[in-house]
>>> print(open('query30.cif').read())   # mmCIF, C-alpha atoms
data_entry
loop_
_atom_site.label_atom_id
_atom_site.label_comp_id
_atom_site.auth_asym_id
_atom_site.auth_seq_id
_atom_site.Cartn_x
_atom_site.Cartn_y
_atom_site.Cartn_z
CA MET A 288 -16.96 13.58 -90.72
CA THR A 289 -13.99 15.83 -91.31
CA ALA A 290 -12.31 16.18 -94.69
CA VAL A 291 -9.45 13.92 -93.55
CA ASP A 292 -11.92 11.26 -92.38
CA ILE A 293 -13.65 11.28 -95.78
CA VAL A 294 -10.34 10.95 -97.65
CA ASP A 295 -9.23 8.19 -95.29
CA ALA A 296 -12.45 6.20 -95.86
CA GLU A 297 -12.17 6.56 -99.66
CA VAL A 298 -8.51 5.48 -99.65
CA ARG A 299 -9.30 2.40 -97.56
CA GLU A 300 -12.15 1.43 -99.89
CA LEU A 301 -9.93 1.75 -102.97
CA ILE A 302 -7.15 -0.26 -101.30
CA ARG A 303 -9.67 -3.02 -100.63
CA ARG A 304 -10.99 -2.97 -104.19
CA ARG A 305 -7.54 -2.99 -105.80
CA GLY A 306 -6.16 -5.61 -103.44
CA LEU A 307 -3.18 -3.53 -102.33
CA ASP A 308 -1.03 -4.44 -99.33
CA PRO A 309 -0.05 -1.14 -97.65
CA THR A 310 2.93 -2.67 -95.87
CA ARG A 311 4.40 -4.20 -99.02
CA GLU A 312 3.32 -1.61 -101.59
CA PRO A 313 3.84 1.79 -99.90
CA ALA A 314 4.61 3.57 -103.17
CA ALA A 315 1.31 2.42 -104.69
CA VAL A 316 -0.55 3.58 -101.57
CA ARG A 317 1.08 7.02 -101.76
CA ARG A 318 0.03 7.38 -105.41
CA LEU A 319 -3.49 6.30 -104.50
CA ILE A 320 -3.67 8.90 -101.72
CA ASP A 321 -2.51 11.62 -104.13
CA GLU A 322 -5.21 10.57 -106.61
CA VAL A 323 -7.93 10.64 -103.94
CA LEU A 324 -6.79 14.03 -102.64
CA ALA A 325 -6.77 15.53 -106.14
CA ASP A 326 -10.27 14.17 -106.81
CA TYR A 327 -11.48 15.37 -103.41
CA SER A 328 -10.14 18.89 -104.00
CA ASP A 329 -12.03 19.07 -107.32
CA ARG A 330 -15.27 17.98 -105.67
CA ALA A 331 -14.74 20.36 -102.73
CA LEU A 332 -14.81 23.28 -105.18
CA THR A 333 -18.51 22.64 -105.73
CA GLY A 334 -19.15 23.31 -102.06
CA THR A 335 -20.66 19.90 -101.32
CA LEU A 336 -17.64 18.77 -99.27
CA PRO A 337 -15.59 20.51 -96.58
CA ALA A 338 -12.38 21.98 -97.95
CA LEU A 339 -8.95 20.59 -97.08
CA ALA A 340 -6.99 23.26 -95.24
CA ASP A 341 -3.68 21.37 -95.46
CA PRO A 342 -3.53 18.80 -98.29
CA THR A 343 0.09 17.88 -97.49
CA GLY A 344 -0.67 17.31 -93.83
CA ALA A 345 -3.81 15.36 -94.77
CA ALA A 346 -1.77 13.10 -97.08
CA ARG A 347 0.70 12.41 -94.27
CA THR A 348 -2.06 11.69 -91.75
CA VAL A 349 -3.92 9.32 -94.08
CA TYR A 350 -0.73 7.50 -95.07
CA ASP A 351 0.33 7.07 -91.44
CA THR A 352 -3.11 5.72 -90.58
CA VAL A 353 -3.40 3.36 -93.54
CA ALA A 354 0.18 2.18 -94.07
CA GLY A 355 2.01 3.26 -90.92
CA LEU A 356 1.40 3.20 -87.21
CA GLY A 357 -1.04 6.06 -87.04
CA PRO A 358 -0.24 8.70 -84.39
CA LEU A 359 3.00 6.88 -83.49
CA GLN A 360 4.44 6.99 -86.99
CA ARG A 361 5.78 10.54 -86.67
CA PHE A 362 7.89 9.42 -83.71
CA LEU A 363 9.23 6.47 -85.69
CA ASP A 364 10.19 8.87 -88.49
CA ASP A 365 11.86 11.32 -86.11
CA PRO A 366 15.60 10.51 -86.05
CA GLU A 367 15.95 12.13 -82.63
CA VAL A 368 13.48 9.74 -80.98
CA GLU A 369 15.19 6.64 -79.58
CA GLU A 370 12.28 4.91 -77.89
CA ILE A 371 8.48 5.10 -77.73
CA TRP A 372 6.27 3.62 -75.05
CA VAL A 373 2.55 3.63 -74.40
CA ASN A 374 1.31 3.16 -70.83
CA GLY A 375 -2.33 3.83 -71.63
CA PRO A 376 -4.66 6.44 -73.20
CA GLY A 377 -3.06 9.85 -72.97
CA ARG A 378 0.22 8.40 -71.69
CA VAL A 379 2.49 8.14 -74.71
CA PHE A 380 6.16 8.80 -73.93
CA VAL A 381 9.27 9.14 -76.09
CA ALA A 382 12.97 9.25 -75.28
CA ARG A 383 15.34 11.73 -76.89
CA ARG A 384 19.07 11.71 -76.12
CA GLY A 385 18.51 9.43 -73.17
CA ARG A 386 15.75 11.55 -71.59
CA SER A 387 12.04 10.72 -71.53
CA GLU A 388 9.17 13.11 -72.16
CA LEU A 389 5.39 12.85 -72.14
CA THR A 390 3.85 13.65 -75.54
CA THR A 391 0.48 15.19 -76.36
CA THR A 392 -0.54 12.10 -78.36
CA ILE A 393 -3.68 10.37 -77.13
CA LEU A 394 -4.58 6.81 -78.12
CA SER A 395 -7.82 5.06 -77.28
CA ALA A 396 -7.72 1.47 -76.03
CA GLY A 397 -9.07 0.34 -79.39
CA GLN A 398 -6.40 2.27 -81.30
CA ALA A 399 -3.63 0.76 -79.19
CA ALA A 400 -4.94 -2.77 -79.76
CA ASP A 401 -5.28 -2.17 -83.52
CA LEU A 402 -1.72 -0.81 -83.70
CA VAL A 403 -0.33 -3.83 -81.85
CA GLU A 404 -2.18 -6.18 -84.19
CA ARG A 405 -0.80 -4.29 -87.19
CA MET A 406 2.75 -4.33 -85.81
CA LEU A 407 2.64 -8.08 -85.19
CA LYS A 408 1.28 -8.85 -88.64
CA GLY A 409 3.96 -10.62 -90.61
CA THR A 410 6.28 -11.20 -87.62
CA GLY A 411 5.07 -14.71 -86.91
CA ARG A 412 4.55 -13.74 -83.27
CA ARG A 413 1.37 -13.32 -81.27
CA VAL A 414 0.04 -11.94 -78.01
CA ASP A 415 -3.03 -13.33 -76.24
CA LEU A 416 -4.15 -14.67 -72.86
CA SER A 417 -1.90 -17.70 -73.19
CA THR A 418 1.05 -15.55 -74.34
CA PRO A 419 0.63 -12.18 -72.61
CA PHE A 420 4.15 -11.01 -73.55
CA VAL A 421 5.58 -10.62 -77.03
CA ASP A 422 8.98 -9.55 -78.32
CA ALA A 423 9.23 -8.86 -82.06
CA MET A 424 11.01 -6.77 -84.67
CA LEU A 425 9.25 -4.20 -86.85
CA PRO A 426 10.09 -3.90 -90.57
CA ASP A 427 12.34 -0.88 -89.92
CA GLY A 428 14.43 -2.84 -87.41
CA SER A 429 12.81 -1.39 -84.28
CA ARG A 430 12.23 -3.76 -81.38
CA LEU A 431 8.66 -4.19 -80.14
CA HIS A 432 7.63 -5.43 -76.70
CA VAL A 433 3.99 -5.72 -75.64
CA VAL A 434 2.32 -6.75 -72.38
CA ILE A 435 -1.46 -7.14 -72.12
CA PRO A 436 -3.94 -7.18 -69.21
CA ASP A 437 -4.34 -8.87 -66.80
CA ILE A 438 -0.56 -8.93 -66.50
CA THR A 439 -0.77 -5.14 -66.64
CA ARG A 440 -3.30 -3.48 -64.37
CA ARG A 441 -5.66 -2.11 -67.02
CA ASP A 442 -4.11 -1.06 -70.35
CA LEU A 443 -1.76 -2.46 -72.95
CA ALA A 444 1.89 -1.64 -72.30
CA VAL A 445 3.67 -1.09 -75.61
CA ASN A 446 7.37 -0.37 -75.98
CA ILE A 447 9.12 0.35 -79.30
CA ARG A 448 12.89 0.62 -79.09
CA LYS A 449 14.28 2.12 -82.26
CA PHE A 450 17.73 1.04 -83.30
CA VAL A 451 19.16 4.46 -84.00
CA ILE A 452 22.54 4.00 -85.67
CA ARG A 453 24.56 6.88 -84.34
CA ALA A 454 27.87 5.11 -84.82
CA ALA A 455 29.06 2.16 -86.89
CA SER A 456 32.71 2.05 -85.81
CA LEU A 457 34.91 2.79 -82.83
CA ASP A 458 36.20 5.92 -84.55
CA GLU A 459 32.65 7.25 -84.80
CA LEU A 460 32.15 6.57 -81.09
CA VAL A 461 35.21 8.72 -80.47
CA GLY A 462 33.57 11.48 -82.50
CA LEU A 463 30.45 11.23 -80.35
CA GLY A 464 32.48 11.49 -77.16
CA THR A 465 31.64 7.95 -76.02
CA LEU A 466 35.27 6.82 -76.19
CA THR A 467 38.68 8.44 -76.09
CA PRO A 468 41.04 7.78 -79.02
CA PRO A 469 43.52 5.73 -76.92
CA ALA A 470 40.74 3.53 -75.51
CA ALA A 471 39.29 3.03 -79.00
CA ALA A 472 42.71 2.00 -80.33
CA PHE A 473 43.10 -0.49 -77.48
CA LEU A 474 39.63 -1.99 -78.04
CA GLU A 475 40.27 -2.34 -81.77
CA ALA A 476 43.52 -4.17 -81.03
CA THR A 477 41.68 -6.34 -78.50
CA VAL A 478 39.09 -7.40 -81.07
CA VAL A 479 41.62 -8.04 -83.83
CA ALA A 480 43.75 -10.07 -81.42
CA GLY A 481 40.76 -12.34 -80.73
CA LEU A 482 40.16 -11.66 -77.04
CA ASN A 483 36.73 -12.31 -75.59
CA VAL A 484 34.89 -9.06 -74.82
CA VAL A 485 31.79 -8.43 -72.71
CA VAL A 486 29.91 -5.12 -72.91
CA SER A 487 27.99 -4.18 -69.76
CA GLY A 488 25.71 -1.31 -68.82
CA GLY A 489 22.20 -0.32 -67.88
CA THR A 490 19.12 0.03 -70.07
CA GLN A 491 19.64 2.42 -73.00
CA ALA A 492 23.32 2.82 -72.10
CA GLY A 493 24.39 2.07 -75.68
CA LYS A 494 25.42 -1.57 -75.23
CA THR A 495 24.13 -2.73 -78.62
CA THR A 496 25.69 0.20 -80.45
CA LEU A 497 29.03 -0.43 -78.74
CA LEU A 498 28.79 -4.15 -79.52
CA ASN A 499 28.15 -3.31 -83.18
CA CYS A 500 31.14 -0.98 -83.28
CA LEU A 501 33.37 -3.62 -81.71
CA ALA A 502 32.12 -6.18 -84.24
CA ALA A 503 33.02 -3.76 -87.05
CA ALA A 504 36.68 -4.23 -86.04
CA ILE A 505 36.57 -7.98 -86.70
CA PRO A 506 38.83 -8.83 -89.68
CA ALA A 507 36.85 -9.29 -92.89
CA SER A 508 38.28 -12.79 -93.41
CA GLU A 509 36.51 -14.18 -90.33
CA ARG A 510 33.11 -15.88 -90.22
CA VAL A 511 30.75 -14.27 -87.70
CA ILE A 512 27.69 -15.98 -86.20
CA SER A 513 25.37 -13.91 -83.99
CA CYS A 514 22.54 -15.06 -81.69
CA GLU A 515 19.84 -12.70 -80.41
CA GLU A 516 16.37 -12.76 -78.92
CA VAL A 517 15.28 -10.26 -81.59
CA PHE A 518 17.43 -8.99 -84.45
CA GLU A 519 19.20 -5.80 -83.39
CA LEU A 520 22.81 -6.27 -84.44
CA LYS A 521 23.92 -4.96 -87.83
CA ILE A 522 27.38 -6.38 -88.34
CA PRO A 523 29.27 -5.22 -91.45
CA ALA A 524 31.24 -8.48 -91.82
CA PRO A 525 30.91 -9.99 -95.33
CA ASP A 526 30.65 -13.52 -93.87
CA TRP A 527 27.95 -13.04 -91.22
CA VAL A 528 24.96 -15.18 -90.27
CA GLY A 529 22.46 -13.71 -87.80
CA MET A 530 19.93 -15.85 -85.89
CA GLN A 531 17.07 -14.93 -83.54
CA THR A 532 14.92 -16.89 -81.11
CA ARG A 533 11.39 -18.09 -81.86
CA GLN A 534 8.36 -18.21 -79.62
CA PRO A 535 6.21 -21.37 -79.29
CA ASN A 536 3.28 -21.79 -81.66
CA LEU A 537 -0.39 -22.08 -80.73
CA GLU A 538 0.15 -25.71 -79.70
CA GLY A 539 2.97 -24.68 -77.38
CA THR A 540 5.68 -26.27 -79.50
CA GLY A 541 8.38 -25.04 -81.85
CA GLU A 542 10.12 -22.69 -79.42
CA ILE A 543 13.77 -21.94 -80.18
CA PRO A 544 15.46 -20.43 -77.10
CA LEU A 545 18.74 -18.56 -77.05
CA ARG A 546 20.53 -21.55 -75.54
CA ARG A 547 19.67 -23.59 -78.61
CA LEU A 548 20.99 -20.89 -80.94
CA VAL A 549 24.33 -20.76 -79.14
CA LYS A 550 24.68 -24.53 -79.44
CA GLU A 551 23.73 -24.52 -83.13
CA ALA A 552 26.13 -21.67 -83.84
CA LEU A 553 29.05 -23.89 -82.87
CA ARG A 554 28.07 -26.27 -85.69
CA MET A 555 28.31 -23.46 -88.25
CA ARG A 556 32.11 -23.10 -88.29
CA PRO A 557 32.25 -19.70 -86.56
CA SER A 558 35.42 -17.67 -86.33
CA ARG A 559 33.56 -15.34 -83.95
CA LEU A 560 30.45 -15.87 -81.85
CA ILE A 561 28.37 -12.86 -80.76
CA VAL A 562 25.45 -13.13 -78.34
CA GLY A 563 23.33 -9.99 -78.40
CA GLU A 564 22.39 -10.04 -74.73
CA VAL A 565 22.96 -12.63 -72.02
CA ARG A 566 20.08 -12.75 -69.56
CA GLN A 567 19.67 -16.28 -68.22
CA ALA A 568 21.04 -19.82 -68.46
CA GLU A 569 22.40 -19.23 -71.99
CA CYS A 570 25.38 -17.71 -70.18
CA LEU A 571 26.55 -21.27 -69.49
CA ASP A 572 26.42 -22.17 -73.19
CA LEU A 573 28.31 -18.97 -74.03
CA LEU A 574 31.07 -19.81 -71.54
CA ILE A 575 31.33 -23.35 -72.91
CA ALA A 576 31.58 -21.94 -76.43
CA LEU A 577 34.30 -19.49 -75.43
CA ASN A 578 36.10 -22.29 -73.61
CA SER A 579 36.13 -24.29 -76.84
CA GLY A 580 38.43 -21.76 -78.47
CA VAL A 581 35.88 -19.66 -80.39
CA PRO A 582 36.48 -15.93 -79.73
CA GLY A 583 33.29 -14.15 -78.81
CA MET A 584 31.48 -11.09 -77.59
CA ALA A 585 28.30 -10.51 -75.63
CA SER A 586 26.45 -7.85 -73.67
CA LEU A 587 24.59 -7.95 -70.37
CA HIS A 588 22.95 -5.61 -67.88
CA ALA A 589 25.15 -4.63 -64.94
CA ASN A 590 25.99 -1.58 -62.84
CA SER A 591 29.75 -1.86 -63.29
CA ALA A 592 32.37 -3.99 -65.01
CA ARG A 593 33.10 -5.94 -61.83
CA GLU A 594 29.41 -6.56 -61.22
CA ALA A 595 29.23 -7.85 -64.78
CA VAL A 596 31.93 -10.41 -63.96
CA THR A 597 29.99 -11.40 -60.83
CA LYS A 598 26.82 -11.78 -62.88
CA LEU A 599 28.65 -13.97 -65.39
CA CYS A 600 29.50 -16.23 -62.45
CA THR A 601 25.87 -16.33 -61.30
CA LEU A 602 23.74 -16.70 -64.44
CA PRO A 603 25.11 -20.15 -65.42
CA LEU A 604 23.81 -21.52 -62.10
CA LEU A 605 20.30 -21.10 -63.54
CA ALA A 606 21.04 -23.93 -65.98
CA GLY A 607 20.59 -26.60 -63.31
CA GLU A 608 21.64 -27.96 -59.96
CA ASN A 609 24.55 -29.86 -61.48
CA VAL A 610 26.21 -26.55 -62.45
CA THR A 611 28.29 -25.40 -59.48
CA THR A 612 30.20 -22.29 -58.51
CA GLY A 613 33.34 -24.40 -58.41
CA PHE A 614 33.03 -24.94 -62.16
CA VAL A 615 31.67 -21.55 -63.20
CA VAL A 616 34.08 -19.17 -61.45
CA PRO A 617 37.34 -20.56 -62.90
CA THR A 618 35.64 -20.88 -66.29
CA VAL A 619 34.71 -17.19 -66.26
CA ALA A 620 38.25 -16.32 -65.16
CA SER A 621 39.77 -18.24 -68.05
CA CYS A 622 37.21 -17.37 -70.78
CA VAL A 623 36.36 -13.70 -70.33
CA ASP A 624 39.24 -11.35 -71.16
CA VAL A 625 37.94 -7.76 -71.24
CA VAL A 626 34.78 -6.08 -69.88
CA VAL A 627 33.73 -2.68 -71.25
CA HIS A 628 31.20 -0.79 -69.13
CA THR A 629 29.09 2.02 -70.56
CA GLU A 630 26.74 4.45 -68.83
CA VAL A 631 24.41 7.37 -69.55
CA ASP A 632 25.33 10.56 -67.70
CA GLY A 633 22.91 13.18 -66.37
CA ARG A 634 22.79 14.97 -69.73
CA GLY A 635 21.87 11.83 -71.65
CA GLN A 636 25.41 11.40 -73.05
CA ARG A 637 26.51 7.77 -73.40
CA ARG A 638 30.10 7.18 -72.30
CA VAL A 639 32.37 4.22 -71.68
CA ARG A 640 32.97 4.44 -67.96
CA GLU A 641 35.64 1.78 -67.50
CA ILE A 642 37.49 -1.04 -69.23
CA VAL A 643 38.54 -3.95 -67.06
CA GLY A 644 40.78 -6.90 -67.84
CA VAL A 645 40.20 -10.38 -66.40
CA THR A 646 43.58 -11.78 -65.41
CA GLY A 647 42.64 -15.46 -65.61
CA ARG A 648 43.07 -16.03 -61.88
CA SER A 649 40.40 -16.65 -59.28
CA GLU A 650 40.25 -17.41 -55.58
CA GLY A 651 37.21 -19.01 -54.08
CA THR A 652 34.21 -17.25 -55.59
CA VAL A 653 36.15 -14.13 -56.64
CA VAL A 654 37.52 -13.55 -60.14
CA GLU A 655 40.57 -11.29 -60.22
CA THR A 656 40.32 -8.21 -62.44
CA ALA A 657 42.64 -5.36 -63.38
CA ASP A 658 41.67 -1.79 -64.28
CA LEU A 659 42.81 -1.00 -67.82
CA TYR A 660 40.96 2.31 -68.28
CA ALA A 661 39.04 4.22 -65.61
CA THR A 662 37.10 7.47 -65.42
CA ARG A 663 38.89 10.16 -63.45
CA ALA A 664 37.80 13.79 -63.34
CA GLY A 665 35.14 12.95 -65.91
CA ARG A 666 37.55 11.52 -68.49
CA LEU A 667 38.44 7.94 -69.46
CA VAL A 668 42.17 7.53 -68.82
CA ARG A 669 44.72 4.74 -68.72
CA ALA A 670 44.87 2.85 -65.43
CA GLU A 671 47.63 0.58 -64.11
CA GLY A 672 46.42 -2.87 -65.19
CA TYR A 673 47.29 -5.03 -68.19
CA PRO A 674 45.05 -7.27 -70.28
CA PRO A 675 45.56 -11.04 -70.47
CA HIS A 676 47.12 -12.90 -73.40
CA PRO A 677 49.79 -10.44 -74.56
CA GLU A 678 50.99 -13.10 -77.00
CA ARG A 679 47.72 -12.76 -78.96
CA PHE A 680 48.35 -9.05 -79.46
CA GLU A 681 51.85 -9.87 -80.69
CA ARG A 682 50.54 -12.48 -83.16
CA ALA A 683 48.06 -9.91 -84.47
CA GLY A 684 50.91 -7.45 -85.12
CA TYR A 685 50.36 -5.13 -82.16
CA ASP A 686 52.92 -3.85 -79.71
CA LEU A 687 50.82 -4.04 -76.55
CA ALA A 688 53.07 -1.69 -74.61
CA ALA A 689 52.79 0.91 -77.37
CA VAL A 690 48.99 0.50 -77.63
CA LEU A 691 48.56 0.94 -73.88
CA GLY A 692 51.22 3.63 -73.72
CA ALA A 693 49.19 5.78 -76.09
CA GLY A 694 46.68 6.16 -73.29
CA SER A 695 49.16 7.18 -70.62
#
>>> encode(input="query30.cif", output="structure tokens")
Amino acid sequence: MTAVDIVDAEVRELIRRRGLDPTREPAAVRRLIDEVLADYSDRALTGTLPALADPTGAARTVYDTVAGLGPLQRFLDDPEVEEIWVNGPGRVFVARRGRSELTTTILSAGQAADLVERMLKGTGRRVDLSTPFVDAMLPDGSRLHVVIPDITRRDLAVNIRKFVIRAASLDELVGLGTLTPPAAAFLEATVVAGLNVVVSGGTQAGKTTLLNCLAAAIPASERVISCEEVFELKIPAPDWVGMQTRQPNLEGTGEIPLRRLVKEALRMRPSRLIVGEVRQAECLDLLIALNSGVPGMASLHANSAREAVTKLCTLPLLAGENVTTGFVVPTVASCVDVVVHTEVDGRGQRRVREIVGVTGRSEGTVVETADLYATRAGRLVRAEGYPPHPERFERAGYDLAAVLGAGS
């Protein structure tokens, strides 16, 4: 055994004897590790034990193994790492600034299984043959997704998406180069005026961050209710209630889907409704909620703002055969006001690519849209279109012509 292995074994034994919970008492575990290292160094002077070449590094390694996520903990602590995924032994990847890279970290199959079990402890969620997928949130707010064999070919597939807060407001997005000042001013006015906003984009395009920044513009007097599959939103509103879905229990009962959350949110006197990500039939419940007069926001995967509008017209059809295009298309046209599309460029920079207004008109299966801001020569500039509901901007104290004119 190496010196680190000996220290690790002694720390684990003392944790067991003292009844410590490493996840809930990290400070006590750190003190215990310091005590064991000091005692070990004294004993190593006699020559009966191998010396510790790097006591500080040994303390970090033991703590990560006992109270953290072992070899993955250093990536969780690295503020530059946005995402971590494990495809199998020797295939641990991380993403920095939108780009992926293969690390030198090697996990055995047993280590990966132990780490998954540790991550799921305390989440109330499970993964087994009857539930081969799991979606959960780690204590630091990171989102965990796991798939097990035989859904995967051979090894566990583990994905940890860290919620790296690079911006908490539209002004900070401007500082990061995601938005231009005129577009940020328009979006702030749009939120304050109570228009319904949809954020679209691909995976890791910054949809959740943008949704958070938009939510930060909601007036403090309003009551915000959010619905998510797993908690990711961090809304600064003083009157905010966040809800997440729940998986079924061992008996197959007790599941709370996103559709149920959207329905329950309407009973909670919301001034604003925010759905973290629309994926399936819950899109119908969102449209019904928006049609009831509750301003809202949501995000969804799409390749462009117009494709997002098309997807909003398609997803509600998953709710059942009695839901028809004839009902959905005009509902989308009347409920959705603005679509903001964000992308990741070749350098890993997240940028708002376009902002589109939904005019409220539709013909057949097509919803009419108008370009408000578009990317030209690599820069987001004012286009020719106008957003719907100018009277709402006026009631909120904005001169719409002046707000849009600032982006000319």
>>> resolve_selection(input="query30.cif", expression="the PyMOL selection byres ((chain A and resi 430-446) around 12)", output="PyMOL selection string")
chain A and resi 359+363+369-382+394-407+410+412-429+447-451+515-520
>>> atom_distance(input="query30.cif", atom1="atom CA of A:Val298", atom2="atom CA of A:Val323")
6.7 Å
>>> resolve_selection(input="query30.cif", expression="the PyMOL selection byres ((chain A and resi 534) around 9)", output="list of chain:residue names")
A:Gly411, A:Arg412, A:Arg413, A:Val421, A:Asp422, A:Thr532, A:Arg533, A:Pro535, A:Asn536, A:Gly539, A:Thr540, A:Gly541, A:Glu542, A:Ile543, A:Pro544
>>> residues_around(input="query30.cif", residues="A:Pro358", least_positions_apart="2", cutoff="10 Å", atoms="only C-alpha atoms", output="list of chain:residue names")
A:Thr348, A:Asp351, A:Thr352, A:Gly355, A:Leu356, A:Gln360, A:Arg361, A:Phe362, A:Leu363, A:Thr392, A:Ile393, A:Leu394, A:Gln398, A:Leu402
>>> closest_residue(input="query30.cif", among="A:Thr310, A:Ser591, A:Thr495, A:Ser621", to="A:Val353", atoms="only C-alpha atoms")
A:Thr310
>>> residues_near_point(input="query30.cif", point="(26.1, -12.8, -76.1)", cutoff="9 Å", atoms="all atoms listed in the file", output="PyMOL selection string")
chain A and resi 485+513-515+549+560-566+569-570+573+583-587
>>> atom_distance(input="query30.cif", atom1="atom CA of A:Ala340", atom2="atom CA of A:Arg299")
21.1 Å
>>> closest_residue(input="query30.cif", among="A:Ala472, A:Val479, A:Ala589, A:Met530", to="A:Ala689", atoms="all atoms listed in the file")
A:Ala472
>>> closest_residue(input="query30.cif", among="A:Arg546, A:Arg510, A:Arg318, A:Arg637", to="A:Val581", atoms="only C-alpha atoms")
A:Arg510
>>> resolve_selection(input="query30.cif", expression="the PyMOL selection byres ((chain A and resi 660) around 7)", output="PDB file with C-alpha atoms, in the coordinates of the input")
ATOM      1  CA  GLU A 641      35.640   1.780 -67.500  1.00  0.00           C
ATOM      2  CA  ILE A 642      37.490  -1.040 -69.230  1.00  0.00           C
ATOM      3  CA  VAL A 643      38.540  -3.950 -67.060  1.00  0.00           C
ATOM      4  CA  ASP A 658      41.670  -1.790 -64.280  1.00  0.00           C
ATOM      5  CA  LEU A 659      42.810  -1.000 -67.820  1.00  0.00           C
ATOM      6  CA  ALA A 661      39.040   4.220 -65.610  1.00  0.00           C
ATOM      7  CA  LEU A 667      38.440   7.940 -69.460  1.00  0.00           C
ATOM      8  CA  VAL A 668      42.170   7.530 -68.820  1.00  0.00           C
ATOM      9  CA  ARG A 669      44.720   4.740 -68.720  1.00  0.00           C
ATOM     10  CA  ALA A 670      44.870   2.850 -65.430  1.00  0.00           C
TER      11      ALA A 670
END
>>> closest_residue(input="query30.cif", among="A:Gly644, A:Ala315, A:Leu339, A:Asp632", to="A:Pro677", atoms="all atoms listed in the file")
A:Gly644
>>> atom_distance(input="query30.cif", atom1="atom CA of A:Glu681", atom2="atom CA of A:Val623")
19.0 Å
>>> residues_around(input="query30.cif", residues="A:Ala331", least_positions_apart="6", cutoff="12 Å", atoms="only C-alpha atoms", output="list of chain:residue names")
A:Ala290, A:Ile293, A:Val294, A:Val323, A:Leu324, A:Ala325, A:Pro337, A:Ala338, A:Leu339, A:Ala340
>>> residues_near_point(input="query30.cif", point="(36.6, 1.1, -85.0)", cutoff="7 Å", atoms="all atoms listed in the file", output="count of residues only")
9
>>> closest_residue(input="query30.cif", among="A:Phe614, A:Ala476, A:Glu388, A:Ile452", to="A:Asp686", atoms="only C-alpha atoms")
A:Ala476
>>> closest_residue(input="query30.cif", among="A:Arg330, A:Ala606, A:Ala502, A:Glu538", to="A:Ala455", atoms="all atoms listed in the file")
A:Ala502
>>> residues_around(input="query30.cif", residues="A:Val349", least_positions_apart="4", cutoff="9 Å", atoms="all atoms listed in the file", output="VMD selection string")
chain A and resid 291 to 292 294 to 295 298 320 344 to 345 353 to 354 357
>>> residues_around(input="query30.cif", residues="A:Cys600", least_positions_apart="6", cutoff="12 Å", atoms="all atoms listed in the file", output="list in words")
Gln567, Ala568, Cys570, Leu571, Leu573, Leu574, Arg593, Glu594, Ala606, Val610, Thr611, Thr612, Gly613, Phe614, Val615, Val616, Pro617, Thr618, Val619, Ala620, Ser621, Cys622, Val623, Ser649, Gly651, Thr652, Val653 and Val654 of chain A
